[in-house]
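Heads up, model_37.txt below (compact mmCIF, C-alpha atoms):
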```txt
# COMPACT_ATOMS: atom_id res chain seq x y z
CA MET A 8 102.30 75.76 113.87
CA ARG A 9 105.51 77.68 113.30
CA ALA A 10 106.35 80.70 115.44
CA TRP A 11 108.48 83.64 114.32
CA HIS A 12 110.11 86.38 116.40
CA PHE A 13 109.50 89.77 114.83
CA SER A 14 110.97 93.13 115.77
CA GLU A 15 110.37 96.37 113.88
CA THR A 16 113.76 97.56 115.16
CA ALA A 17 112.37 100.84 116.45
CA TYR A 18 114.34 103.91 117.52
CA PRO A 19 112.25 105.05 120.50
CA TYR A 20 114.35 107.94 121.87
CA LEU A 21 112.14 110.74 120.59
CA PRO A 22 111.27 114.26 121.75
CA PRO A 23 108.04 114.76 123.75
CA ASP A 24 104.96 113.96 121.67
CA ASP A 25 103.85 117.59 121.49
CA GLU A 26 107.15 118.68 119.91
CA PHE A 27 106.59 116.94 116.56
CA ASP A 28 103.53 116.39 114.38
CA SER A 29 104.40 113.02 112.84
CA ILE A 30 106.61 110.06 113.71
CA ARG A 31 106.75 109.26 109.99
CA VAL A 32 107.82 111.09 106.83
CA ASN A 33 108.96 114.45 108.25
CA LEU A 34 110.52 113.69 111.66
CA PRO A 35 114.06 115.12 111.29
CA ASN A 36 116.78 112.47 111.42
CA SER A 37 118.76 114.83 113.65
CA VAL A 38 116.65 113.22 116.41
CA LEU A 39 118.60 109.99 115.92
CA ASP A 40 121.90 109.43 117.72
CA PRO A 41 123.93 107.08 115.48
CA LYS A 42 125.74 105.56 118.48
CA LYS A 43 122.44 104.69 120.16
CA ALA A 44 121.17 103.28 116.87
CA ALA A 45 124.22 101.03 116.60
CA GLU A 46 123.68 99.77 120.15
CA LEU A 47 120.05 99.02 119.36
CA TRP A 48 121.00 97.08 116.25
CA ASP A 49 123.50 95.02 118.24
CA ARG A 50 120.78 93.95 120.65
CA TYR A 51 118.13 93.35 117.98
CA ILE A 52 120.42 90.92 116.18
CA LYS A 53 121.22 89.19 119.48
CA GLU A 54 117.50 88.81 120.17
CA TRP A 55 116.95 87.13 116.80
CA GLN A 56 119.81 84.77 117.69
CA VAL A 57 118.13 84.00 121.03
CA ALA A 58 114.94 83.17 119.13
CA GLU A 59 116.89 80.70 117.00
CA GLU A 60 118.31 79.10 120.16
CA GLU A 61 114.73 78.49 121.31
CA GLY A 62 113.70 76.93 117.99
CA ILE A 63 111.78 80.01 116.87
CA ASP A 64 112.13 81.32 113.33
CA ILE A 65 113.02 84.92 112.44
CA MET A 66 110.99 87.66 110.79
CA LEU A 67 112.03 91.18 109.79
CA ASN A 68 110.64 93.99 107.69
CA GLU A 69 111.55 97.43 106.43
CA HIS A 70 110.10 100.92 106.58
CA HIS A 71 111.30 104.32 105.45
CA ALA A 72 111.59 107.80 106.95
CA THR A 73 110.29 106.70 110.34
CA ALA A 74 111.42 105.99 113.88
CA THR A 75 108.98 103.07 114.20
CA CYS A 76 111.33 100.90 112.15
CA ALA A 77 114.96 101.91 111.72
CA ASP A 78 115.51 99.32 108.98
CA PRO A 79 115.18 100.92 105.53
CA ALA A 80 117.03 98.06 103.78
CA ALA A 81 115.82 94.72 105.12
CA PRO A 82 117.71 92.69 102.46
CA LEU A 83 120.98 93.91 104.03
CA VAL A 84 119.89 92.71 107.47
CA LEU A 85 118.61 89.48 105.94
CA ALA A 86 122.07 88.83 104.49
CA ALA A 87 123.69 89.53 107.87
CA LEU A 88 121.28 87.16 109.62
CA ALA A 89 122.01 84.52 107.00
CA ARG A 90 125.59 84.40 108.31
CA VAL A 91 125.02 84.72 112.07
CA THR A 92 122.28 82.06 112.23
CA LYS A 93 122.40 78.41 111.25
CA THR A 94 118.98 76.78 111.40
CA ALA A 95 116.18 79.36 111.63
CA ARG A 96 114.04 80.16 108.64
CA LEU A 97 114.47 83.85 107.73
CA LEU A 98 111.33 85.68 106.66
CA ILE A 99 111.40 89.14 105.15
CA LEU A 100 107.88 90.59 105.21
CA GLY A 101 108.48 92.37 103.28
CA ASN A 102 109.82 94.00 100.22
CA PRO A 103 107.56 96.98 99.25
CA ILE A 104 107.81 96.16 95.56
CA ALA A 105 105.14 98.60 94.39
CA ASN A 106 107.61 101.34 95.41
CA ARG A 107 110.72 99.70 93.95
CA ARG A 108 111.83 100.76 90.49
CA GLN A 109 113.79 97.57 89.75
CA PRO A 110 112.00 94.31 90.66
CA VAL A 111 114.82 92.33 89.05
CA ARG A 112 117.18 93.84 91.62
CA VAL A 113 114.85 92.54 94.36
CA ALA A 114 115.00 89.08 92.76
CA GLU A 115 118.80 89.26 92.80
CA GLU A 116 118.93 90.35 96.45
CA MET A 117 116.65 87.54 97.58
CA ALA A 118 118.52 84.95 95.51
CA LEU A 119 121.86 85.98 97.01
CA ALA A 120 120.45 85.93 100.55
CA ASP A 121 119.08 82.46 99.84
CA ILE A 122 122.55 81.33 98.76
CA LEU A 123 124.19 82.89 101.84
CA SER A 124 121.68 81.13 104.14
CA HIS A 125 121.89 77.79 102.30
CA GLY A 126 118.20 77.91 101.44
CA ARG A 127 116.54 79.38 104.55
CA ILE A 128 114.92 82.47 103.03
CA GLU A 129 111.16 83.09 102.96
CA ALA A 130 110.50 85.98 100.58
CA GLY A 131 107.59 88.21 101.54
CA PHE A 132 106.20 91.07 99.48
CA VAL A 133 103.96 93.98 100.41
CA ARG A 134 102.27 96.79 98.53
CA GLY A 135 103.73 99.31 100.96
CA VAL A 136 102.06 101.47 103.60
CA PRO A 137 100.55 104.83 102.58
CA TYR A 138 103.02 106.84 104.68
CA GLU A 139 105.86 105.77 102.40
CA VAL A 140 104.44 106.90 99.08
CA LEU A 141 105.99 110.35 99.56
CA PRO A 142 109.44 109.17 100.79
CA ALA A 143 109.57 106.70 97.89
CA ASN A 144 108.64 109.45 95.40
CA SER A 145 106.02 106.97 94.22
CA ASN A 146 102.56 107.21 92.69
CA PRO A 147 99.78 106.06 95.06
CA THR A 148 97.47 105.08 92.21
CA LYS A 149 97.61 101.59 90.68
CA MET A 150 99.86 100.36 93.46
CA ASN A 151 98.09 97.00 93.58
CA GLU A 152 98.60 96.52 89.86
CA ARG A 153 102.29 97.44 90.14
CA HIS A 154 102.68 95.07 93.09
CA TRP A 155 101.35 92.02 91.26
CA GLU A 156 103.22 92.78 88.04
CA ALA A 157 106.47 93.26 89.98
CA LEU A 158 105.94 89.93 91.73
CA ASP A 159 105.33 88.16 88.42
CA LEU A 160 108.59 89.65 87.14
CA ILE A 161 110.50 88.54 90.25
CA VAL A 162 109.24 84.96 89.95
CA LYS A 163 110.18 84.92 86.27
CA ALA A 164 113.68 86.14 87.14
CA TRP A 165 114.02 83.36 89.74
CA THR A 166 112.78 80.58 87.47
CA ASN A 167 114.34 81.48 84.11
CA HIS A 168 117.54 79.43 83.65
CA ASP A 169 118.11 79.34 79.89
CA GLY A 170 119.88 82.63 79.30
CA PRO A 171 118.46 86.13 78.92
CA ALA A 172 114.67 86.50 78.77
CA SER A 173 112.49 89.57 78.32
CA PHE A 174 109.49 90.91 80.20
CA GLU A 175 107.03 93.43 78.81
CA GLY A 176 104.35 94.58 81.24
CA GLN A 177 102.28 97.67 81.87
CA PHE A 178 104.75 99.11 84.38
CA PHE A 179 108.01 97.20 83.95
CA HIS A 180 110.02 96.49 80.81
CA HIS A 181 113.15 94.36 80.76
CA ARG A 182 115.03 93.23 77.67
CA SER A 183 117.51 90.92 79.36
CA ILE A 184 116.75 89.02 82.58
CA ASN A 185 119.43 86.55 83.62
CA ILE A 186 120.15 86.78 87.35
CA TRP A 187 123.29 85.42 88.96
CA PRO A 188 123.21 83.62 91.33
CA ARG A 189 119.88 81.92 91.09
CA PRO A 190 118.15 80.93 94.36
CA TYR A 191 119.40 78.03 96.45
CA GLN A 192 115.79 76.77 96.85
CA GLN A 193 114.17 75.50 93.70
CA PRO A 194 112.11 76.58 91.93
CA HIS A 195 112.35 79.60 94.28
CA PRO A 196 112.04 80.58 97.97
CA PRO A 197 108.54 80.38 99.46
CA VAL A 198 106.56 83.51 98.58
CA TRP A 199 104.50 85.38 101.16
CA VAL A 200 102.21 88.35 100.59
CA SER A 201 100.86 90.55 103.39
CA THR A 202 97.38 92.02 103.01
CA THR A 203 94.76 93.27 105.45
CA SER A 204 91.70 93.26 103.17
CA PRO A 205 89.46 90.48 101.85
CA GLY A 206 89.99 91.65 98.26
CA GLY A 207 93.74 91.46 98.61
CA SER A 208 93.70 88.09 100.36
CA ARG A 209 91.52 86.58 97.64
CA GLN A 210 94.20 87.49 95.10
CA VAL A 211 96.86 85.89 97.30
CA GLY A 212 94.78 82.72 97.50
CA GLU A 213 94.33 82.66 93.74
CA HIS A 214 98.11 82.80 93.32
CA GLY A 215 98.66 80.14 95.99
CA TYR A 216 101.15 82.22 97.98
CA ILE A 217 101.27 82.33 101.79
CA GLN A 218 98.89 84.95 103.18
CA ALA A 219 99.91 87.03 106.21
CA THR A 220 97.79 89.62 107.99
CA PHE A 221 98.86 91.99 110.75
CA LEU A 222 96.86 93.16 113.78
CA THR A 223 93.48 92.53 112.13
CA GLY A 224 92.10 90.92 115.29
CA TYR A 225 88.81 89.17 115.91
CA GLY A 226 86.87 91.67 113.82
CA ALA A 227 88.55 91.20 110.45
CA THR A 228 90.89 88.20 110.37
CA ARG A 229 88.31 85.48 109.78
CA GLY A 230 86.90 87.37 106.78
CA ILE A 231 90.40 87.87 105.37
CA PHE A 232 91.26 84.19 105.77
CA ASP A 233 87.90 83.07 104.36
CA SER A 234 88.46 85.27 101.33
CA TYR A 235 91.88 83.66 100.84
CA ARG A 236 90.24 80.23 101.02
CA ALA A 237 87.67 81.30 98.43
CA GLY A 238 90.42 82.53 96.09
CA TRP A 239 92.39 79.30 96.56
CA ARG A 240 89.32 77.19 95.66
CA ALA A 241 88.28 79.45 92.77
CA ALA A 242 91.74 79.00 91.20
CA GLY A 243 91.18 75.22 91.15
CA ARG A 244 93.71 74.45 93.88
CA GLY A 245 91.32 72.03 95.58
CA GLN A 246 88.93 72.32 98.49
CA ASP A 247 91.55 71.76 101.18
CA ILE A 248 93.80 74.63 102.28
CA PRO A 249 96.67 73.56 104.56
CA ASN A 250 97.20 75.76 107.61
CA HIS A 251 100.75 76.55 106.52
CA ARG A 252 99.34 78.86 103.82
CA LEU A 253 98.02 81.32 106.43
CA ALA A 254 99.85 83.54 108.95
CA TYR A 255 98.75 85.96 111.65
CA ALA A 256 100.90 88.67 113.24
CA ALA A 257 100.15 90.04 116.70
CA LEU A 258 101.89 91.86 119.51
CA MET A 259 103.26 89.34 122.01
CA TYR A 260 104.61 89.29 125.54
CA CYS A 261 104.90 86.20 127.71
CA ALA A 262 106.43 86.00 131.20
CA PRO A 263 106.39 83.64 134.18
CA THR A 264 104.13 85.89 136.28
CA HIS A 265 101.06 87.93 135.42
CA ASP A 266 102.57 91.19 136.68
CA GLU A 267 105.77 90.76 134.66
CA ALA A 268 103.74 89.95 131.55
CA MET A 269 101.42 92.94 131.88
CA ALA A 270 104.35 95.32 132.42
CA GLY A 271 106.20 94.02 129.37
CA ALA A 272 103.06 94.01 127.22
CA ASP A 273 102.32 97.61 128.15
CA LYS A 274 105.78 98.62 126.91
CA ILE A 275 105.17 96.89 123.56
CA LEU A 276 102.06 99.04 123.09
CA TRP A 277 104.50 101.89 122.34
CA TYR A 278 104.18 100.62 118.76
CA ILE A 279 100.55 101.80 118.67
CA ARG A 280 100.76 104.74 121.06
CA ALA A 281 103.72 106.32 119.26
CA ASN A 282 102.20 105.98 115.78
CA LYS A 283 101.36 109.65 115.40
CA VAL A 284 100.68 110.40 111.73
CA PRO A 285 98.55 113.21 110.25
CA PRO A 286 95.98 112.36 107.56
CA GLN A 287 97.90 113.85 104.62
CA TYR A 288 100.44 111.04 105.04
CA SER A 289 97.95 108.33 106.01
CA PHE A 290 95.61 108.82 103.08
CA PRO A 291 97.44 109.96 99.93
CA PRO A 292 95.00 110.49 97.03
CA GLY A 293 94.51 107.32 95.03
CA TYR A 294 95.97 104.92 97.61
CA ALA A 295 92.66 103.84 99.18
CA PRO A 296 89.21 103.50 97.57
CA VAL A 297 87.12 106.69 97.43
CA ALA A 298 84.64 105.38 100.00
CA ALA A 299 87.43 104.77 102.52
CA ASN A 300 88.75 108.30 102.05
CA VAL A 301 85.25 109.78 102.47
CA ALA A 302 84.75 107.83 105.70
CA MET A 303 88.09 109.04 107.00
CA MET A 304 87.30 112.68 106.23
CA ARG A 305 83.89 112.43 107.89
CA GLY A 306 85.33 110.76 110.97
CA ALA A 307 88.53 112.73 111.43
CA SER A 308 88.71 116.27 112.73
CA GLY A 309 91.65 117.33 110.64
CA GLY A 310 94.19 115.77 113.01
CA ASP A 311 95.73 112.38 113.59
CA PRO A 312 93.24 109.69 112.38
CA HIS A 313 94.77 107.17 114.81
CA ALA A 314 94.58 109.47 117.84
CA GLY A 315 91.64 107.69 119.49
CA LEU A 316 93.29 104.28 119.37
CA ARG A 317 96.68 105.65 120.37
CA LYS A 318 95.31 107.26 123.51
CA SER A 319 92.87 104.56 124.60
CA VAL A 320 94.69 101.29 123.90
CA SER A 321 95.48 99.12 126.90
CA VAL A 322 96.86 95.62 127.30
CA GLU A 323 93.42 94.34 128.30
CA ASN A 324 91.54 95.74 125.30
CA ALA A 325 94.36 94.79 122.92
CA ILE A 326 94.02 91.17 124.10
CA GLU A 327 90.23 91.40 123.84
CA ARG A 328 90.48 92.64 120.25
CA GLY A 329 92.93 89.87 119.31
CA ILE A 330 95.78 92.18 118.35
CA MET A 331 97.90 91.12 121.34
CA PHE A 332 98.64 87.86 123.13
CA ALA A 333 100.06 88.54 126.58
CA GLY A 334 100.27 86.96 130.00
CA THR A 335 101.62 83.85 131.67
CA PRO A 336 102.28 80.79 129.48
CA ASP A 337 98.85 79.32 130.26
CA ALA A 338 97.11 82.59 129.48
CA VAL A 339 98.97 83.10 126.21
CA PHE A 340 98.30 79.52 125.12
CA GLU A 341 94.59 79.98 125.84
CA GLN A 342 94.44 83.32 123.98
CA ILE A 343 96.16 81.93 120.88
CA SER A 344 94.01 78.78 120.91
CA ARG A 345 90.80 80.83 121.14
CA PHE A 346 91.87 83.10 118.30
CA TYR A 347 92.98 80.12 116.18
CA ASN A 348 89.58 78.47 116.53
CA HIS A 349 87.73 81.73 115.83
CA VAL A 350 89.47 82.32 112.48
CA GLY A 351 89.43 78.70 111.32
CA GLY A 352 93.09 78.01 111.85
CA PHE A 353 96.46 79.28 110.62
CA GLY A 354 99.93 77.80 110.42
CA HIS A 355 102.26 80.69 111.24
CA LEU A 356 102.25 82.88 114.34
CA LEU A 357 104.27 86.07 113.80
CA ASN A 358 105.12 87.41 117.24
CA MET A 359 105.96 91.10 117.42
CA GLY A 360 107.89 90.63 120.65
CA GLN A 361 109.83 93.87 120.91
CA ALA A 362 108.87 97.52 120.61
CA GLY A 363 109.60 100.88 122.16
CA PHE A 364 111.38 100.83 125.51
CA LEU A 365 111.14 97.09 126.15
CA GLU A 366 114.68 96.31 127.28
CA HIS A 367 116.90 93.50 126.01
CA ASP A 368 116.54 91.33 129.12
CA GLU A 369 112.77 91.76 129.09
CA THR A 370 112.61 90.81 125.41
CA VAL A 371 114.75 87.73 125.97
CA LEU A 372 112.60 86.68 128.93
CA SER A 373 109.50 86.68 126.74
CA ILE A 374 111.20 84.84 123.86
CA ARG A 375 112.48 82.12 126.17
CA THR A 376 109.25 81.79 128.16
CA PHE A 377 107.16 81.50 125.01
CA GLY A 378 109.67 79.20 123.32
CA ARG A 379 109.89 76.77 126.23
CA GLU A 380 106.41 76.82 127.75
CA VAL A 381 103.95 77.81 125.01
CA TYR A 382 105.43 76.92 121.63
CA PRO A 383 105.76 73.13 122.26
CA ARG A 384 102.06 73.01 123.17
CA LEU A 385 101.05 74.93 120.04
CA LYS A 386 103.10 72.63 117.81
CA ALA A 387 101.60 69.54 119.44
CA LEU A 388 98.02 70.76 119.10
CA PHE A 389 98.04 72.66 115.80
CA SER A 390 99.75 70.80 112.95
CA ASP A 391 101.05 72.72 109.93
CA ASP A 392 99.19 70.26 107.71
CA THR A 393 95.82 70.63 109.42
CA ILE A 394 93.22 71.68 106.90
CA SER A 395 92.42 75.35 107.37
CA GLY A 396 89.00 76.86 107.69
CA PHE A 397 85.40 75.82 107.58
CA PRO A 398 83.59 73.70 104.97
CA ALA A 399 83.34 75.19 101.50
CA PRO A 400 79.77 76.36 100.75
CA GLU A 401 79.03 73.37 98.53
CA GLN A 402 80.37 70.97 101.18
CA ALA A 403 78.30 72.61 103.92
CA ALA A 404 75.16 72.33 101.76
CA ALA A 405 75.82 68.65 101.12
CA GLU A 406 76.20 67.98 104.81
```
What would the structure in this file look like if it were written as structure tokens?
Amino acid sequence: MRAWHFSETAYPYLPPDDEFDSIRVNLPNSVLDPKKAAELWDRYIKEWQVAEEEGIDIMLNEHHATATCADPAAPLVLAALARVTKTARLLILGNPIANRRQPVRVAEEMALADILSHGRIEAGFVRGVPYEVLPANSNPTKMNERHWEALDLIVKAWTNHDGPASFEGQFFHHRSINIWPRPYQQPHPPVWVSTTSPGGSRQVGEHGYIQATFLTGYGATRGIFDSYRAGWRAAGRGQDIPNHRLAYAALMYCAPTHDEAMAGADKILWYIRANKVPPQYSFPPGYAPVAANVAMMRGASGGDPHAGLRKSVSVENAIERGIMFAGTPDAVFEQISRFYNHVGGFGHLLNMGQAGFLEHDETVLSIRTFGREVYPRLKALFSDDTISGFPAPEQAAAE
């Protein structure tokens, strides 16, 4: 198992909750103090460097028009990390390519970052969250189709080496694709795709890319991973799916004592508690299936659809749901092991180890405690090459 330290690089210094209606899309950027933002970025980069010192790999992402993630241009940060780190793999998860007008530009950015890092880039791609359709001036319909076509175009740009080539798709048209430089890793950096639905994960499995899912817990993760396995097998990739094709992201806090761990974990729950977003941003027409929109409208009272979870979440129920691993090293090891066995295995643990008002020293304590007292045990017990999942239906019947 490989572990990754993930921070959404939040800007938590916000007005009281009742003074704004959404943390995303329309929160005025006058709220942000550029000097405080610069100080936060200094510490976030230092924390990624600490993770590398402990043998933990690095994950980052991007979001737009929000205080939950003050990184609107993750490729820039990826390039910076490529020069201030030496050994860690660098995962961007990811590029919201359904909202990008120029997928070839994304291919160029990732290729250059791969050169700068001497081949340490892991290139992740996402459809993009619904809140960012408006800031991106994008169309919420056919986002899945745009996502997959953009990814096909990016892979073609990475792997075409014989001079200009063309691409004619439904959404993207390029007469001359000939990127310089090409990626350091050949044929291209490892490709990840993040989805939180069985339908999406089946497509990822069919393509053979690495599947990541975020905060889907005990209730949904096994179904998502099983769907990936079904897609992998249906595409003729064989019955065996190595664990390193599957990744799970959870909130994480690990400390030497129970009290320290619970206090740090409670601070990380800012990520959920602060996620105040009204339904017009959460459910743009055409983004989700009609049935999902109907269920939302029947269940919501015209306000924040996440309000119940935001107000009720605690460290204990987050651990119970499988969206958080927190406690002493023994407790965290047991929680991860139980979740691993429940979902049939996975090869990448994406630890969201910083959020909200968790201070630098507290973040470093968790990184080091996990890295020294939990991670070696996970690597020893759960091999990357272990075969993921449960028997395929035909195998189970034969047995």
Name all residues at most 9 Å from Pro103 of chain A (count all atoms listed in the file; drop same-chain ones fewer than 6 positions away) and give them as a PDB file with C-alpha atoms, in the coordinates of the input.
```
ATOM      1  CA  GLU A  69     111.550  97.430 106.430  1.00  0.00           C
ATOM      2  CA  HIS A  70     110.100 100.920 106.580  1.00  0.00           C
ATOM      3  CA  PHE A 132     106.200  91.070  99.480  1.00  0.00           C
ATOM      4  CA  VAL A 133     103.960  93.980 100.410  1.00  0.00           C
ATOM      5  CA  ARG A 134     102.270  96.790  98.530  1.00  0.00           C
ATOM      6  CA  GLY A 135     103.730  99.310 100.960  1.00  0.00           C
ATOM      7  CA  VAL A 136     102.060 101.470 103.600  1.00  0.00           C
ATOM      8  CA  HIS A 154     102.680  95.070  93.090  1.00  0.00           C
TER       9      HIS A 154
END
```
Test item: residues at most 12 Å from Gly334 of chain A, all atoms listed in the file, excluding those fewer than 6 positions along its chain, as a PyMOL selection string: chain A and resi 258-273+322-323+326+340-343+373+376-377+381
Atomic distance atom CA of Glu15 of chain A - atom CA of Leu385 of chain A, expressed in Å with one decimal: 24.2 Å
Computed interatomic separation between atom CA of Val198 of chain A and atom CA of Val162 of chain A (Å):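 Atom CA of Val162 of chain A lies 9.2 Å from atom CA of Val198 of chain A.
Atom CA of Pro292 of chain A to atom CA of Pro110 of chain A spans 24.3 Å [interatomic distance, one decimal].
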Nearest to Ala44 of chain A, chosen from A:Gln109, A:Thr223, A:Thr16, A:Thr94, with all atoms listed in the file counted in the distances: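 The shortest atom-to-atom distance to Ala44 of chain A comes from A:Thr16.
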Among listed residues A:Trp199, A:Tyr225, A:Tyr138, A:Trp155, nearest Val350 of chain A (using all atoms listed in the file):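 Nearest to Val350 of chain A: A:Tyr225.
Each of A:Leu365, A:Trp165, A:Ser14, A:Ala143 was compared to Ile275 of chain A using all atoms listed in the file, and A:Leu365 turns out to be the nearest.
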Pick from A:Ile122, A:Ala281, A:Gly101, A:Gly212 nearest to Gln246 of chain A, counting only C-alpha atoms: A:Gly212
Residue with smallest distance to Asp391 of chain A - pool A:Tyr347, A:Phe353, A:Phe27, A:Tyr255, counting all atoms listed in the file: A:Phe353
Residue among A:Leu83, A:Leu67, A:Leu160, A:Ala242 lying closest to Phe179 of chain A, counting all atoms listed in the file: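 The closest residue to Phe179 of chain A is A:Leu160.
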Tyr288 of chain A surroundings by only C-alpha atoms, 9 Å radius, close-in-sequence under 5 positions cut, as a JSON list (two decimals) with C-alpha atoms, in the coordinates of the input:
```json
[["chain", "number", "residue", "atom", "x", "y", "z"],
["A", 29, "SER", "CA", 104.40, 113.02, 112.84],
["A", 31, "ARG", "CA", 106.75, 109.26, 109.99],
["A", 32, "VAL", "CA", 107.82, 111.09, 106.83],
["A", 137, "PRO", "CA", 100.55, 104.83, 102.58],
["A", 138, "TYR", "CA", 103.02, 106.84, 104.68],
["A", 139, "GLU", "CA", 105.86, 105.77, 102.40],
["A", 140, "VAL", "CA", 104.44, 106.90, 99.08],
["A", 141, "LEU", "CA", 105.99, 110.35, 99.56]]
```
Residue neighbourhood Lys163 of chain A, 10 Å, all atoms listed in the file, exclusion window fewer than 3 positions, as a list in words: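 In the requested form, the answer reads Val111, Ala114, Ala157, Leu158, Asp159, Leu160, Thr166, Asn167, His168, Ala172, Ser173, Phe174, Ile184, Asn185 and His195 of chain A.
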Include C-alpha atoms and write out the residues we just selected as a compact mmCIF listing (two decimals), in the coordinates of the input.
```txt
# COMPACT_ATOMS: atom_id res chain seq x y z
CA VAL A 111 114.82 92.33 89.05
CA ALA A 114 115.00 89.08 92.76
CA ALA A 157 106.47 93.26 89.98
CA LEU A 158 105.94 89.93 91.73
CA ASP A 159 105.33 88.16 88.42
CA LEU A 160 108.59 89.65 87.14
CA THR A 166 112.78 80.58 87.47
CA ASN A 167 114.34 81.48 84.11
CA HIS A 168 117.54 79.43 83.65
CA ALA A 172 114.67 86.50 78.77
CA SER A 173 112.49 89.57 78.32
CA PHE A 174 109.49 90.91 80.20
CA ILE A 184 116.75 89.02 82.58
CA ASN A 185 119.43 86.55 83.62
CA HIS A 195 112.35 79.60 94.28
```
Ala237 of chain A environment, 9 Å, only C-alpha atoms, sequence neighbours closer than 2 positions dropped, as a PyMOL selection string: chain A and resi 209+212-213+232-235+239-242+399
Residues within 12 Å of (122.1, 79.3, 119.9), counting only C-alpha atoms, listed as JSON, numbers by chain: {"A": [53, 54, 55, 56, 57, 58, 59, 60, 61, 62, 63, 91, 92, 93, 94, 95, 375]}
